[in-house]
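For reference, the structure discussed in these notes is given below.
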Amino acid sequence: MYQGSMVALATPMLDDGSIDQAALAQLVEFHIDAGTDAIVAVGTSGESATLSVPEHADVIKQVVDLVKKRIPVIAGTGANSTSEAIELTTHAAAAGADACLLVTPYYNKPAQEGLYQHFKRIAEAVAIPQILYNVPGRTAVDMQVATTARLSKISNIIGIKEAFGTVERISELVSACGDDFIVLTGDDGTARESILAGAKGNISVTANVAPALMHNMCVAALAGDKATAEEIDAKMADLHSSLFIESNPIPVKWALQQMGKMGPGIRLPLTPLDSQYHEMVRAALVKAGAL
């Protein structure tokens, strides 16, 4: 159920920063038509850090209602407060999300035992399937493979989005956590190699603007068709880098604006993409056939 190309959906906003509901509906249809395998709502790319709890819960509910069970909806419900993560996860379960994505607590830098107890407490509090999310470049904490392996034994912790950024880490997790645990990559630049090494799919920023290419690349890689996966991935290579030229989701929201998928709205402290990077991102979009 949770494999292939899973878009880390950007949240469209109006000029005043409010949620653009019409653009959100259009984005959902864009992804379903393009073959996206699952939608991750209100993760990092969805500006979860600047949405209030009511807004966060409302966007998840909107995406669930728009998708209408056609593909899985994974709700981003992580927080650096265990109680807040439980609150968000409870909201997501009530809204009808299929699973939740829970980032490692950021800023407060818990020890490995603290990470274990945090995720264990959330899993015990809310019965919904839960996917861990390790992204040390954002959170300043790295959940070690041994900690993930411990957590994988909890029945409703079903997988991990691993964004450490190396294929070696993916291989270690696949080996340590067993066949029933879903290892996903969260790093577009190494996604192809990670899937060929045993990951089941990619939770992707690039998929926001090149959903069909990302879906097809994942299909090929999951089938072990290295040559086809490489050919498709080459078309997206410049996106994988240029969409991170400034902090995500700054570049991808600008790219989606150029594609006519949303307006320029973004919330402080993030600001629109610096003009010096416009041509770089535009060229990557053209190479991928998105413009």
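Numbering starts fresh at 1 for the residues of each chain in the structure tokens, the chains themselves are lettered A, B, ... in the order given, and ligands are numbered from 1 as they appear.
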Selection: 9 Å around Ala127 (chain A), only C-alpha atoms, excl. self and same-chain fewer than 4 positions, as a ChimeraX atom specification: /A:90,93,122-123,156
Could you tell me, as a ChimeraX atom specification, which residues of region 27-203 of chain A DSSP assigns to strand (DSSP E) when given the backbone? /A:38-41,73-76,99-103,130-134,157-162,182-185,201-203
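Those residues that approach region 52-58 of chain A to within 7 Å, counting only C-alpha atoms, are Val42, Leu88, His91 and Ala92 of chain A; same-chain residues fewer than 5 positions away are not listed.
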Keeping only C-alpha atoms, write those residues as an mmCIF file, in the first residue's frame.
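Done, and the output landed in result04.cif:
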```
data_model
loop_
_atom_site.group_PDB
_atom_site.id
_atom_site.type_symbol
_atom_site.label_atom_id
_atom_site.label_comp_id
_atom_site.auth_asym_id
_atom_site.auth_seq_id
_atom_site.Cartn_x
_atom_site.Cartn_y
_atom_site.Cartn_z
ATOM 1 C CA VAL A 42 1.286 19.000 5.783
ATOM 2 C CA LEU A 88 -2.133 16.180 15.689
ATOM 3 C CA HIS A 91 -6.882 14.802 14.551
ATOM 4 C CA ALA A 92 -5.482 13.019 11.483
#
```
Need to verify the contact set: Lys287 (chain A), 8 Å, only C-alpha atoms, exclusion of same-chain residues closer than 2 positions in sequence. Can you return it as a count of residues only? 8
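The space between CA of Lys61 (chain A) and CA of Asn80 (chain A) spans 22.1 Å.
Among the candidates A:Gln21, A:Ser204, A:Gln144, A:Ser5, the one nearest to Asp187 (chain A) when counting only C-alpha atoms is A:Ser204.
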Write out as an mmCIF file with C-alpha atoms, in the first residue's frame each polymer residue whose atoms come within 9 Å of Asp142 (chain A), counting only C-alpha atoms; drop sequence neighbours fewer than 5 positions from it.
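File written: around-v4.cif
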```cif
data_model
loop_
_atom_site.group_PDB
_atom_site.id
_atom_site.type_symbol
_atom_site.label_atom_id
_atom_site.label_comp_id
_atom_site.auth_asym_id
_atom_site.auth_seq_id
_atom_site.Cartn_x
_atom_site.Cartn_y
_atom_site.Cartn_z
ATOM 1 C CA THR A 104 12.000 13.247 14.910
ATOM 2 C CA LYS A 109 17.735 17.183 20.437
ATOM 3 C CA GLN A 112 18.151 7.881 21.382
ATOM 4 C CA ASN A 134 14.443 10.947 10.155
ATOM 5 C CA VAL A 135 15.871 14.126 8.627
ATOM 6 C CA PRO A 136 18.909 15.225 10.639
ATOM 7 C CA GLY A 137 19.698 18.107 8.294
ATOM 8 C CA PHE A 164 19.906 10.869 6.069
#
```
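Using only C-alpha atoms, the nearest neighbour of Glu168 (chain A) within the list A:Leu151, A:Met214, A:Ile195, A:Met262 is A:Ile195.
Interatomic distance, CA of Val205 (chain A) against CA of Leu273 (chain A): 15.7 Å.
Compared by their closest atoms to Ile170 (chain A), and using only C-alpha atoms, the residues A:Met143, A:Ile182, A:Leu9, A:Ala199 rank with A:Ala199 nearest.
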